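K.L.:
Below is the file coords04.cif, with mmCIF, C-alpha atoms and all ligand atoms.
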```
data_target
loop_
_atom_site.label_atom_id
_atom_site.label_comp_id
_atom_site.auth_asym_id
_atom_site.auth_seq_id
_atom_site.Cartn_x
_atom_site.Cartn_y
_atom_site.Cartn_z
CA MET Z 127 -27.36 12.16 2.76
CA LYS Z 128 -23.90 13.62 3.18
CA LYS Z 129 -22.02 14.21 -0.10
CA ILE Z 130 -20.08 11.04 -0.94
CA GLN Z 131 -16.31 11.35 -1.22
CA MET Z 132 -13.72 8.81 -2.32
CA VAL Z 133 -11.84 9.62 0.89
CA ASP Z 134 -13.28 11.85 3.64
CA LEU Z 135 -10.34 13.41 5.44
CA GLN Z 136 -12.29 16.38 6.78
CA GLY Z 137 -14.77 14.12 8.53
CA GLN Z 138 -11.95 12.12 10.09
CA TYR Z 139 -10.14 15.27 11.23
CA LYS Z 140 -13.19 16.57 13.14
CA ASP Z 141 -12.97 13.60 15.51
CA ILE Z 142 -9.30 14.04 16.36
CA LYS Z 143 -9.01 17.83 16.08
CA ALA Z 144 -8.77 18.21 19.87
CA VAL Z 145 -5.64 16.05 19.91
CA VAL Z 146 -4.06 16.97 16.58
CA ASP Z 147 -4.28 20.75 16.86
CA PRO Z 148 -2.39 21.12 20.16
CA SER Z 149 0.16 18.56 18.99
CA ILE Z 150 0.91 20.60 15.85
CA GLN Z 151 0.94 23.79 17.92
CA GLU Z 152 3.49 22.25 20.26
CA VAL Z 153 5.84 21.64 17.34
CA ILE Z 154 5.44 25.21 16.11
CA GLU Z 155 6.14 26.64 19.54
CA SER Z 156 9.12 24.40 20.18
CA ALA Z 157 10.47 25.19 16.68
CA ALA Z 158 11.83 21.61 16.58
CA PHE Z 159 10.67 21.25 12.98
CA ILE Z 160 13.24 18.72 11.82
CA ASN Z 161 14.06 15.54 13.77
CA GLY Z 162 12.24 16.93 16.80
CA PRO Z 163 11.02 14.86 19.75
CA LYS Z 164 7.69 14.19 17.98
CA VAL Z 165 9.50 12.25 15.27
CA HIS Z 166 11.23 10.03 17.82
CA GLN Z 167 8.05 9.58 19.81
CA PHE Z 168 6.12 8.49 16.72
CA GLN Z 169 8.94 6.22 15.61
CA LYS Z 170 8.95 4.43 19.00
CA ASN Z 171 5.18 4.14 19.10
CA LEU Z 172 5.07 2.70 15.58
CA GLU Z 173 7.83 0.22 16.46
CA ASP Z 174 5.71 -0.96 19.41
CA TYR Z 175 2.54 -1.13 17.33
CA LEU Z 176 4.17 -3.20 14.58
CA ASN Z 177 6.39 -5.18 16.90
CA VAL Z 178 9.45 -4.39 14.81
CA LYS Z 179 12.92 -3.39 16.02
CA HIS Z 180 13.47 -0.42 13.74
CA VAL Z 181 11.25 2.18 12.14
CA ILE Z 182 13.16 4.79 10.15
CA PRO Z 183 10.92 7.70 9.18
CA CYS Z 184 11.51 9.41 5.84
CA ALA Z 185 9.92 11.90 3.46
CA ASN Z 186 7.48 9.71 1.51
CA GLY Z 187 6.70 6.14 0.51
CA THR Z 188 8.60 6.30 -2.77
CA ASP Z 189 11.77 7.41 -0.98
CA ALA Z 190 11.21 4.63 1.55
CA LEU Z 191 11.33 2.04 -1.24
CA GLN Z 192 14.38 3.61 -2.82
CA ILE Z 193 16.26 3.88 0.46
CA ALA Z 194 15.41 0.28 1.36
CA MET Z 195 16.96 -0.84 -1.94
CA MET Z 196 20.00 1.39 -1.44
CA GLY Z 197 20.41 -0.01 2.08
CA LEU Z 198 20.51 -3.56 0.77
CA GLY Z 199 23.38 -2.58 -1.51
CA LEU Z 200 21.64 -3.64 -4.71
CA GLU Z 201 23.76 -2.81 -7.74
CA GLN Z 202 23.29 -1.85 -11.36
CA GLY Z 203 21.98 -4.78 -13.37
CA ASP Z 204 20.59 -6.68 -10.39
CA GLU Z 205 17.12 -7.95 -11.22
CA VAL Z 206 14.25 -7.06 -8.93
CA ILE Z 207 10.94 -8.84 -9.36
CA THR Z 208 7.71 -6.99 -8.64
CA ALA Z 209 4.03 -6.99 -9.59
CA ASP Z 210 2.73 -5.66 -12.91
CA PHE Z 211 -0.50 -4.53 -11.26
CA THR Z 212 0.41 -1.80 -8.78
CA PHE Z 213 1.23 1.87 -8.43
CA ALA Z 214 4.23 2.91 -10.52
CA ALA Z 215 6.38 4.00 -7.55
CA THR Z 216 7.52 0.43 -7.02
CA VAL Z 217 8.98 -0.06 -10.48
CA GLU Z 218 10.08 3.57 -10.70
CA VAL Z 219 12.65 3.36 -7.93
CA ILE Z 220 13.99 0.05 -9.27
CA ALA Z 221 14.61 1.73 -12.62
CA LEU Z 222 15.91 4.93 -11.05
CA LEU Z 223 18.61 2.98 -9.21
CA LYS Z 224 19.58 1.36 -12.51
CA LEU Z 225 18.46 -2.02 -11.25
CA THR Z 226 16.51 -4.13 -13.72
CA PRO Z 227 12.79 -4.31 -13.02
CA VAL Z 228 11.18 -7.66 -13.79
CA LEU Z 229 7.40 -7.33 -13.81
CA VAL Z 230 5.28 -10.40 -13.25
CA ASP Z 231 1.57 -11.15 -13.23
CA VAL Z 232 -0.73 -11.19 -10.21
CA ASP Z 233 -3.27 -13.57 -8.75
CA PRO Z 234 -6.82 -12.93 -10.02
CA ILE Z 235 -8.39 -13.48 -6.59
CA THR Z 236 -6.08 -11.53 -4.28
CA PHE Z 237 -4.65 -9.08 -6.89
CA ASN Z 238 -1.26 -9.79 -5.30
CA ILE Z 239 1.96 -10.96 -6.94
CA ASP Z 240 1.67 -14.51 -8.27
CA VAL Z 241 4.21 -16.80 -6.63
CA ALA Z 242 4.35 -19.16 -9.63
CA ALA Z 243 5.14 -16.17 -11.84
CA ILE Z 244 7.93 -15.07 -9.50
CA LYS Z 245 9.38 -18.56 -9.61
CA LYS Z 246 9.36 -18.50 -13.39
CA ALA Z 247 11.09 -15.10 -13.50
CA ILE Z 248 14.02 -15.93 -11.21
CA THR Z 249 17.41 -15.90 -12.96
CA PRO Z 250 20.99 -15.93 -11.62
CA LYS Z 251 20.82 -12.11 -11.66
CA THR Z 252 17.73 -11.89 -9.46
CA LYS Z 253 18.53 -10.20 -6.15
CA ALA Z 254 15.20 -9.17 -4.66
CA ILE Z 255 11.44 -9.55 -4.71
CA VAL Z 256 9.12 -6.64 -3.94
CA PRO Z 257 5.64 -7.88 -2.99
CA VAL Z 258 3.05 -5.12 -2.67
CA HIS Z 259 0.25 -5.70 -0.16
CA LEU Z 260 -2.16 -4.35 -2.73
CA PHE Z 261 -5.36 -2.60 -1.63
CA GLY Z 262 -4.58 -3.61 1.97
CA LEU Z 263 -4.39 -7.39 1.65
CA ALA Z 264 -1.15 -9.17 2.53
CA ALA Z 265 0.67 -10.92 -0.28
CA ASN Z 266 1.39 -14.63 0.09
CA MET Z 267 4.37 -14.04 2.40
CA ASP Z 268 5.03 -17.63 3.57
CA GLU Z 269 5.60 -18.81 0.02
CA ILE Z 270 7.47 -15.67 -1.01
CA MET Z 271 9.84 -15.95 1.97
CA ALA Z 272 10.42 -19.64 1.29
CA LEU Z 273 11.21 -18.94 -2.34
CA ALA Z 274 13.52 -16.07 -1.37
CA LYS Z 275 15.37 -18.28 1.09
CA GLU Z 276 15.80 -21.01 -1.51
CA HIS Z 277 17.29 -18.55 -4.03
CA ASN Z 278 19.06 -16.29 -1.55
CA LEU Z 279 16.99 -13.20 -2.40
CA TYR Z 280 15.96 -10.16 -0.40
CA VAL Z 281 12.30 -9.45 0.17
CA ILE Z 282 11.24 -5.80 0.33
CA GLU Z 283 7.59 -5.42 1.31
CA ASP Z 284 5.83 -2.41 -0.19
CA ASN Z 285 3.41 -1.83 2.65
CA ALA Z 286 2.12 1.57 1.51
CA GLN Z 287 -1.43 0.22 1.29
CA GLY Z 288 -1.29 -2.41 4.01
CA ILE Z 289 -0.40 -0.74 7.29
CA GLY Z 290 -2.13 -2.41 10.22
CA ALA Z 291 -3.02 -5.56 8.27
CA ASN Z 292 -2.18 -8.93 9.73
CA TYR Z 293 -0.75 -11.76 7.73
CA THR Z 294 -1.86 -15.19 8.87
CA HIS Z 295 0.95 -17.71 8.47
CA LYS Z 296 0.35 -21.31 7.48
CA ASP Z 297 0.62 -22.34 11.15
CA GLY Z 298 -2.13 -19.88 12.11
CA SER Z 299 0.14 -17.34 13.82
CA LYS Z 300 -0.18 -13.71 12.80
CA THR Z 301 2.35 -11.03 11.95
CA LYS Z 302 1.76 -7.45 10.88
CA THR Z 303 2.55 -6.79 7.24
CA GLY Z 304 5.81 -4.92 6.83
CA VAL Z 305 7.78 -6.92 9.39
CA ILE Z 306 8.01 -10.25 7.55
CA GLY Z 307 10.47 -9.48 4.76
CA HIS Z 308 14.05 -8.26 5.22
CA VAL Z 309 12.88 -4.67 4.99
CA ALA Z 310 9.66 -2.81 4.20
CA SER Z 311 8.48 0.58 3.13
CA THR Z 312 5.29 2.47 3.86
CA SER Z 313 3.69 5.76 2.90
CA PHE Z 314 1.84 8.26 5.06
CA PHE Z 315 0.31 10.06 2.06
CA PRO Z 316 -2.93 11.67 3.34
CA SER Z 317 -5.28 9.11 1.76
CA LYS Z 318 -3.37 6.04 3.01
CA ASN Z 319 -4.77 4.10 5.96
CA LEU Z 320 -2.40 5.97 8.29
CA GLY Z 321 -2.03 9.32 6.56
CA CYS Z 322 -0.48 12.59 7.62
CA TYR Z 323 -1.31 16.10 6.39
CA GLY Z 324 1.35 16.22 3.69
CA ASP Z 325 3.97 13.73 2.60
CA GLY Z 326 5.58 11.13 4.83
CA GLY Z 327 6.95 7.61 4.80
CA ALA Z 328 8.96 5.06 6.74
CA ILE Z 329 11.18 2.02 6.42
CA PHE Z 330 10.87 -0.97 8.78
CA THR Z 331 13.37 -3.69 9.53
CA ASN Z 332 14.38 -6.11 12.26
CA ASP Z 333 17.99 -6.12 11.01
CA ASP Z 334 20.19 -3.92 13.25
CA GLU Z 335 22.97 -3.51 10.71
CA LEU Z 336 20.61 -2.64 7.86
CA ALA Z 337 18.79 -0.15 10.11
CA HIS Z 338 22.11 1.54 10.88
CA THR Z 339 23.00 1.72 7.18
CA ILE Z 340 19.58 3.15 6.33
CA ARG Z 341 19.69 5.78 9.10
CA GLY Z 342 22.84 7.10 7.45
CA ILE Z 343 21.42 6.97 3.93
CA VAL Z 344 18.37 9.09 4.83
CA ASN Z 345 20.74 11.72 6.21
CA HIS Z 346 23.20 12.36 3.34
CA GLY Z 347 25.15 9.20 4.04
CA MET Z 348 26.39 10.65 7.35
CA TYR Z 349 27.14 8.36 10.27
CA LYS Z 350 29.24 10.99 11.99
CA ARG Z 351 28.51 14.67 11.48
CA TYR Z 352 30.09 15.92 8.22
CA HIS Z 353 31.63 12.53 7.47
CA HIS Z 354 29.90 11.13 4.39
CA ASP Z 355 30.63 7.41 4.16
CA VAL Z 356 28.13 6.49 1.46
CA VAL Z 357 26.08 8.37 -1.13
CA GLY Z 358 22.85 9.17 0.64
CA VAL Z 359 19.76 11.29 0.19
CA ASN Z 360 17.93 13.91 2.19
CA SER Z 361 14.69 12.27 3.21
CA ARG Z 362 13.06 13.29 6.47
CA LEU Z 363 9.64 13.11 8.06
CA ASP Z 364 9.00 16.56 9.45
CA SER Z 365 7.96 17.03 13.03
CA ILE Z 366 4.55 18.50 12.20
CA GLN Z 367 3.70 15.39 10.17
CA ALA Z 368 5.01 13.18 12.98
CA ALA Z 369 2.74 15.04 15.41
CA VAL Z 370 -0.27 14.26 13.20
CA LEU Z 371 0.76 10.63 12.79
CA ASP Z 372 1.39 10.12 16.49
CA ALA Z 373 -2.08 11.48 17.23
CA LYS Z 374 -3.64 9.16 14.62
CA LEU Z 375 -1.69 5.97 15.35
CA PRO Z 376 -3.82 5.01 18.40
CA HIS Z 377 -6.84 5.15 16.08
CA LEU Z 378 -5.35 3.02 13.30
CA ASP Z 379 -7.01 -0.23 14.36
CA SER Z 380 -10.40 1.41 14.69
CA TYR Z 381 -9.90 3.18 11.34
CA ASN Z 382 -9.14 -0.15 9.71
CA LEU Z 383 -12.15 -1.70 11.42
CA SER Z 384 -14.39 1.05 10.01
CA ARG Z 385 -13.04 0.29 6.56
CA ARG Z 386 -13.66 -3.42 7.06
CA ASN Z 387 -17.20 -2.76 8.25
CA ALA Z 388 -17.90 -0.70 5.16
CA ALA Z 389 -16.37 -3.48 3.02
CA ARG Z 390 -18.58 -6.04 4.70
CA LYS Z 391 -21.69 -4.05 3.76
CA TYR Z 392 -20.55 -3.63 0.16
CA THR Z 393 -19.79 -7.34 -0.12
CA LYS Z 394 -23.14 -8.31 1.36
CA ALA Z 395 -24.88 -6.31 -1.36
CA PHE Z 396 -22.77 -7.59 -4.27
CA LYS Z 397 -21.68 -11.10 -3.44
CA ASP Z 398 -24.42 -13.06 -5.18
CA HIS Z 399 -24.37 -11.07 -8.40
CA PRO Z 400 -23.07 -13.19 -11.30
CA GLN Z 401 -21.28 -10.25 -12.95
CA ILE Z 402 -19.53 -8.97 -9.85
CA THR Z 403 -16.58 -10.48 -8.01
CA THR Z 404 -16.08 -8.95 -4.57
CA PRO Z 405 -12.57 -8.54 -3.16
CA SER Z 406 -11.15 -11.61 -1.52
CA GLY Z 407 -8.64 -12.54 1.07
CA LEU Z 408 -6.99 -15.89 1.07
CA THR Z 409 -9.10 -18.75 -0.17
CA ALA Z 410 -10.27 -19.72 3.29
CA CYS Z 411 -11.47 -16.25 4.08
CA ASP Z 412 -12.97 -13.31 2.25
CA GLY Z 413 -11.14 -10.82 4.44
CA ILE Z 414 -14.32 -9.61 6.09
CA CYS Z 415 -15.29 -12.38 8.48
CA ASP Z 416 -15.75 -11.37 12.11
CA THR Z 417 -12.48 -12.74 13.43
CA CYS Z 418 -10.33 -11.94 10.44
CA ASP Z 419 -8.14 -8.87 10.22
CA CYS Z 420 -6.08 -9.75 7.18
CA HIS Z 421 -7.49 -7.06 4.89
CA VAL Z 422 -7.42 -3.36 5.76
CA PHE Z 423 -9.23 -2.23 2.60
CA HIS Z 424 -7.07 0.63 1.46
CA GLN Z 425 -9.28 0.18 -1.59
CA TYR Z 426 -12.49 -1.76 -2.03
CA THR Z 427 -12.20 -3.10 -5.56
CA LEU Z 428 -14.74 -5.07 -7.59
CA THR Z 429 -14.02 -7.09 -10.71
CA LEU Z 430 -16.83 -6.82 -13.26
CA GLU Z 431 -17.76 -9.27 -16.01
CA GLY Z 432 -19.69 -8.20 -19.09
CA VAL Z 433 -20.24 -4.67 -17.78
CA ASP Z 434 -19.38 -1.52 -19.72
CA ARG Z 435 -17.12 -0.11 -17.04
CA ASP Z 436 -16.67 3.30 -18.62
CA ALA Z 437 -20.45 3.71 -18.85
CA LEU Z 438 -20.79 2.64 -15.21
CA VAL Z 439 -18.13 5.14 -14.11
CA ALA Z 440 -19.89 7.91 -16.05
CA HIS Z 441 -23.24 6.93 -14.52
CA LEU Z 442 -21.83 6.92 -10.98
CA ASN Z 443 -20.24 10.31 -11.48
CA GLU Z 444 -23.55 11.65 -12.73
CA LYS Z 445 -25.18 10.39 -9.54
CA GLY Z 446 -22.53 12.08 -7.38
CA ILE Z 447 -20.70 8.87 -6.57
CA PRO Z 448 -16.93 9.12 -7.01
CA CYS Z 449 -15.04 5.97 -7.94
CA GLY Z 450 -11.59 5.06 -9.18
CA VAL Z 451 -9.85 2.70 -11.55
CA TYR Z 452 -6.74 1.40 -9.84
CA TYR Z 453 -4.90 0.75 -12.06
CA PRO Z 454 -5.94 1.41 -15.67
CA ILE Z 455 -2.67 0.48 -17.43
CA PRO Z 456 -0.38 -2.46 -16.61
CA LEU Z 457 3.14 -1.32 -15.74
CA HIS Z 458 4.65 -3.48 -18.48
CA LYS Z 459 2.72 -1.40 -21.04
CA GLN Z 460 3.79 1.97 -19.64
CA LYS Z 461 6.09 3.87 -21.96
CA ALA Z 462 8.76 4.22 -19.28
CA TYR Z 463 8.81 0.52 -18.37
CA LYS Z 464 8.11 -1.31 -21.63
CA ASP Z 465 10.63 -4.00 -22.45
CA GLU Z 466 11.06 -6.46 -25.30
CA ARG Z 467 11.52 -9.24 -22.79
CA TYR Z 468 7.87 -9.15 -21.84
CA ASN Z 469 5.30 -11.45 -23.48
CA GLU Z 470 1.64 -10.56 -23.34
CA GLU Z 471 0.67 -14.14 -22.52
CA ASP Z 472 2.53 -13.78 -19.22
CA PHE Z 473 0.20 -10.96 -18.14
CA THR Z 474 -3.28 -12.33 -18.78
CA VAL Z 475 -4.54 -11.54 -15.28
CA THR Z 476 -3.27 -7.97 -15.13
CA ASN Z 477 -4.45 -7.32 -18.68
CA HIS Z 478 -7.93 -8.48 -17.65
CA LEU Z 479 -8.01 -6.59 -14.35
CA VAL Z 480 -7.05 -3.21 -15.81
CA GLU Z 481 -10.13 -3.43 -18.05
CA ASN Z 482 -12.58 -4.68 -15.44
CA VAL Z 483 -11.79 -3.38 -11.94
CA ILE Z 484 -13.51 -0.50 -10.22
CA SER Z 485 -12.76 0.86 -6.75
CA LEU Z 486 -15.58 2.31 -4.66
CA PRO Z 487 -15.47 5.08 -2.08
CA MET Z 488 -13.59 3.73 0.94
CA HIS Z 489 -12.70 5.62 4.08
CA THR Z 490 -13.33 5.72 7.81
CA GLU Z 491 -16.41 7.93 7.67
CA LEU Z 492 -18.70 6.06 5.24
CA MET Z 493 -22.34 6.08 6.40
CA ASP Z 494 -24.90 3.33 5.92
CA ASP Z 495 -27.16 5.51 3.77
CA GLN Z 496 -24.20 6.33 1.50
CA ILE Z 497 -23.26 2.66 1.15
CA ALA Z 498 -26.88 1.74 0.38
CA PHE Z 499 -27.09 4.46 -2.27
CA ILE Z 500 -23.81 3.36 -3.86
CA THR Z 501 -24.70 -0.34 -3.95
CA GLU Z 502 -28.25 0.25 -5.21
CA THR Z 503 -27.05 2.59 -7.95
CA ILE Z 504 -24.45 0.08 -9.16
CA LEU Z 505 -26.77 -2.92 -9.06
CA GLN Z 506 -29.51 -1.04 -10.84
CA PHE Z 507 -27.12 0.05 -13.59
CA ILE Z 508 -25.75 -3.43 -14.13
CA ASN Z 509 -29.16 -5.05 -14.08
CA THR Z 510 -30.60 -2.66 -16.64
CA HIS Z 511 -27.56 -2.54 -18.96
CA SER Z 512 -26.78 -6.16 -19.62
C1 LIG A 601 1.26 5.37 -2.31
C2 LIG A 601 2.12 4.28 -2.73
C3 LIG A 601 3.51 4.44 -2.86
C4 LIG A 601 4.20 5.76 -2.78
O1 LIG A 601 3.99 6.51 -1.66
P1 LIG A 601 4.25 8.09 -1.68
O2 LIG A 601 4.25 8.45 -0.23
O3 LIG A 601 3.14 8.71 -2.44
O4 LIG A 601 5.57 8.33 -2.31
C5 LIG A 601 4.27 3.33 -3.17
N1 LIG A 601 3.72 2.13 -3.37
C6 LIG A 601 2.38 1.94 -3.30
C7 LIG A 601 1.84 0.58 -3.54
C8 LIG A 601 1.55 3.01 -2.99
O5 LIG A 601 0.23 2.81 -2.92
#
```
Using the file provided, produce a representation of the structure as structure tokens.

P.N.:
Amino acid sequence: MKKIQMVDLQGQYKDIKAVVDPSIQEVIESAAFINGPKVHQFQKNLEDYLNVKHVIPCANGTDALQIAMMGLGLEQGDEVITADFTFAATVEVIALLKLTPVLVDVDPITFNIDVAAIKKAITPKTKAIVPVHLFGLAANMDEIMALAKEHNLYVIEDNAQGIGANYTHKDGSKTKTGVIGHVASTSFFPSKNLGCYGDGGAIFTNDDELAHTIRGIVNHGMYKRYHHDVVGVNSRLDSIQAAVLDAKLPHLDSYNLSRRNAARKYTKAFKDHPQITTPSGLTACDGICDTCDCHVFHQYTLTLEGVDRDALVAHLNEKGIPCGVYYPIPLHKQKAYKDERYNEEDFTVTNHLVENVISLPMHTELMDDQIAFITETILQFINTHS
């Protein structure tokens, strides 16, 4: 059996080496390292793939979030609601811009922001909601958009983990995540579903005026050379990374399908175990049915009941099986983001998840023998230790 990795980027590279290598070489020979033709080509191709009017590439997914918020003109003291159970980047940029982060609990089934909790947190100062399509499953966008409309709020989708996922609307129609809210951000960090070979990110929007504003912000607030109309940043996707991404984009759907196939096998092994909850999509669907493409499994995350998770993690590591705990500490308990306003009883789901979730190896190169070894090792541990 091949050594199991949390993410196998070398294995994935072998398959696309013949396309990626010459594409990188082309950038080097052209010396168009910054804003070269590869960046524009990738931007256009991603716009077509997502069916969105504007993709604005930038340096990473955290910048993308920050720039989206700057583009919307959010101001000091504006409240921005986001999920307590996510990667810190989301709340970090809110705080960095001197906006007021308002963390709310998530849904225990989907791990995504809880719409009832958002509703409860809205005040006259609320200006935006940032749903995160956590682990690759779309947040409840129909309800979030309806709520935003009612209260005149912006919706910024953090799509760093969800690229390529479809959201199925109440009427059955489908839209790619990242093109439903007013603006969205994504990350091309190497381990993301569409990853480059360094840092990268992008902002998406269908709003022409906002796109124009954001294109200036990423480039020092310049709309005309050496005329700085607004305070901007320097945040660019470099051409070598764009070359990698443009070579990988045609494979994104098949990459996500490989992830879903691996997820299906994991779920088949675990689904009847009373102490294991497998990841879910919306109630009607577990995200892994044959026709469904609503979950792109950036992570495959189990919720355990009555299992000593630390002992399980140690056992898996001993057996050569890497695993992860995403995320071990709720954001509202992080030193940087603690606030007297928060009440523990408002975070019962997140507080439970951080103690009981475990994420298994998930990537495009997982083999059946590896999945069988992982599932058997976990089941055997749980069955002999409880
Ligand atoms: C990875 C990630 C980010 C940040 O992306 P970087 O490119 O690493 O800056 C933001 N939000 C979420 C949910 C992420 O998973």

K.L.:
Give as a PyMOL selection string the residues surrounding ligand LIG 601 (chain A) up to a distance of 9 Å, considering all atoms listed in the file.

P.N.:
chain Z and resi 185-191+212-216+258-261+284-288+311-318+325-327+424

K.L.:
Mind checking which residues fall within 10 Å of Leu200 in chain Z, counting all atoms listed in the file, ignoring those fewer than 6 positions away in the same chain, and posting them as a list in words?

P.N.:
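Surrounding residues, per the criterion: Ala194, Val206, Ile220, Leu223, Lys224, Leu225, Lys253, Ala254 and Tyr280 of chain Z.
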
K.L.:
Convert the current residue selection to file output with C-alpha atoms, as a PDB file, keeping the file's coordinate frame.

P.N.:
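Everything below was put into part31.pdb:
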```
ATOM      1  CA  ALA Z 194      15.410   0.280   1.360  1.00  0.00           C
ATOM      2  CA  VAL Z 206      14.250  -7.060  -8.930  1.00  0.00           C
ATOM      3  CA  ILE Z 220      13.990   0.050  -9.270  1.00  0.00           C
ATOM      4  CA  LEU Z 223      18.610   2.980  -9.210  1.00  0.00           C
ATOM      5  CA  LYS Z 224      19.580   1.360 -12.510  1.00  0.00           C
ATOM      6  CA  LEU Z 225      18.460  -2.020 -11.250  1.00  0.00           C
ATOM      7  CA  LYS Z 253      18.530 -10.200  -6.150  1.00  0.00           C
ATOM      8  CA  ALA Z 254      15.200  -9.170  -4.660  1.00  0.00           C
ATOM      9  CA  TYR Z 280      15.960 -10.160  -0.400  1.00  0.00           C
TER      10      TYR Z 280
END
```

K.L.:
So which one's closest to Gly203 in chain Z, Z:Asn238, Z:Thr252, Z:Thr490, Z:Gln506? Using only C-alpha atoms, please.

P.N.:
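Nearest candidate to Gly203 in chain Z out of Z:Asn238, Z:Thr252, Z:Thr490, Z:Gln506: Z:Thr252.
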
K.L.:
Hey, can you check how far CA of Asp174 in chain Z sits from CA of Leu135 in chain Z?

P.N.:
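Atom-to-atom, CA of Asp174 in chain Z and CA of Leu135 in chain Z are spaced 25.7 Å apart.
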
K.L.:
Please list as a list in words every residue within 7 Å of range 360-366 of chain Z, counting only C-alpha atoms and excluding residues in the same chain fewer than 5 positions away.

P.N.:
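Returned residues: Ile150, Val153, Ala158, Phe159, Ile160, Asn161, Gly162, Lys164, Val165, Pro183, Cys184, Ala185, Gly326, Gly327, Val344, Asn345 and His346 of chain Z.
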
K.L.:
If we count only C-alpha atoms, what is near Gln425 in chain Z at a cut-off of 12 Å, once residues fewer than 6 positions away on the same chain are taken out, given as a JSON list (two decimals) with C-alpha atoms, in the frame of the given file?

P.N.:
```json
[["chain", "number", "residue", "atom", "x", "y", "z"],
["Z", 132, "MET", "CA", -13.72, 8.81, -2.32],
["Z", 133, "VAL", "CA", -11.84, 9.62, 0.89],
["Z", 237, "PHE", "CA", -4.65, -9.08, -6.89],
["Z", 259, "HIS", "CA", 0.25, -5.70, -0.16],
["Z", 260, "LEU", "CA", -2.16, -4.35, -2.73],
["Z", 261, "PHE", "CA", -5.36, -2.60, -1.63],
["Z", 262, "GLY", "CA", -4.58, -3.61, 1.97],
["Z", 263, "LEU", "CA", -4.39, -7.39, 1.65],
["Z", 286, "ALA", "CA", 2.12, 1.57, 1.51],
["Z", 287, "GLN", "CA", -1.43, 0.22, 1.29],
["Z", 288, "GLY", "CA", -1.29, -2.41, 4.01],
["Z", 317, "SER", "CA", -5.28, 9.11, 1.76],
["Z", 318, "LYS", "CA", -3.37, 6.04, 3.01],
["Z", 319, "ASN", "CA", -4.77, 4.10, 5.96],
["Z", 382, "ASN", "CA", -9.14, -0.15, 9.71],
["Z", 385, "ARG", "CA", -13.04, 0.29, 6.56],
["Z", 386, "ARG", "CA", -13.66, -3.42, 7.06],
["Z", 388, "ALA", "CA", -17.90, -0.70, 5.16],
["Z", 389, "ALA", "CA", -16.37, -3.48, 3.02],
["Z", 404, "THR", "CA", -16.08, -8.95, -4.57],
["Z", 405, "PRO", "CA", -12.57, -8.54, -3.16],
["Z", 406, "SER", "CA", -11.15, -11.61, -1.52],
["Z", 449, "CYS", "CA", -15.04, 5.97, -7.94],
["Z", 450, "GLY", "CA", -11.59, 5.06, -9.18],
["Z", 451, "VAL", "CA", -9.85, 2.70, -11.55],
["Z", 452, "TYR", "CA", -6.74, 1.40, -9.84],
["Z", 453, "TYR", "CA", -4.90, 0.75, -12.06],
["Z", 483, "VAL", "CA", -11.79, -3.38, -11.94],
["Z", 484, "ILE", "CA", -13.51, -0.50, -10.22],
["Z", 485, "SER", "CA", -12.76, 0.86, -6.75],
["Z", 486, "LEU", "CA", -15.58, 2.31, -4.66],
["Z", 487, "PRO", "CA", -15.47, 5.08, -2.08],
["Z", 488, "MET", "CA", -13.59, 3.73, 0.94],
["Z", 489, "HIS", "CA", -12.70, 5.62, 4.08],
["Z", 490, "THR", "CA", -13.33, 5.72, 7.81]]
```

K.L.:
Name the residues in contact with Thr331 in chain Z at a cut-off of 10 Å, using only C-alpha atoms, excluding same-chain residues fewer than 5 positions from it; report them as a ChimeraX atom specification.

P.N.:
/Z:173,178-182,194,282,304-311,336-337,340

K.L.:
Rank Z:Thr501, Z:Asn177, Z:Gln167, Z:Asn332 by their smallest atom-to-atom distance to Asn292 in chain Z, using only C-alpha atoms, and report the top residue only.

P.N.:
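Closest residue, counting only C-alpha atoms: Z:Asn177.
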
K.L.:
In Å, how far is it from CA of Leu222 in chain Z to CA of Tyr323 in chain Z?

P.N.:
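Taking CA of Leu222 in chain Z and CA of Tyr323 in chain Z, their separation equals 26.9 Å.
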
K.L.:
Find the spatial neighbours of Lys245 in chain Z, counting only C-alpha atoms, within a cut-off of 12 Å - ignore same-chain residues fewer than 3 positions away - and output them as a list of chain:residue names.

P.N.:
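So, after excluding close chain neighbours, the residues are Z:Ile207, Z:Thr208, Z:Val228, Z:Val230, Z:Asp231, Z:Ile239, Z:Asp240, Z:Val241, Z:Ala242, Z:Ile248, Z:Thr249, Z:Thr252, Z:Ile255, Z:Glu269, Z:Ile270, Z:Met271, Z:Ala272, Z:Leu273, Z:Ala274, Z:Glu276, Z:His277, Z:Leu279.
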
K.L.:
Taking into account only C-alpha atoms, which residue in the set Z:Phe330, Z:Tyr175, Z:Tyr349, Z:Phe507 is nearest to Val439 in chain Z?

P.N.:
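Of Z:Phe330, Z:Tyr175, Z:Tyr349, Z:Phe507, the one nearest Val439 in chain Z is Z:Phe507, counting only C-alpha atoms.
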
K.L.:
Which one is closest to Gln131 in chain Z: Z:Asn509, Z:Thr294, Z:Gln496, Z:Ser149? Count all atoms listed in the file.

P.N.:
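Smallest separation from Gln131 in chain Z among the options: Z:Gln496.
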
K.L.:
Taking (20.1, 5.6, 2.9) in the coordinates of the supplied file, I want to know which residues reach to within 6 Å of it, counting all atoms listed in the file; could you give the answer as a list in words?

P.N.:
Ile193, Gly197, Ile340, Gly342, Ile343, Val344 and Gly358 of chain Z

K.L.:
For Val480 in chain Z, which residue among Z:Val145, Z:Leu430, Z:Val256, Z:Met267 is the nearest when counting all atoms listed in the file?

P.N.:
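Looking at the shortest contact to Val480 in chain Z, the residue is Z:Leu430.
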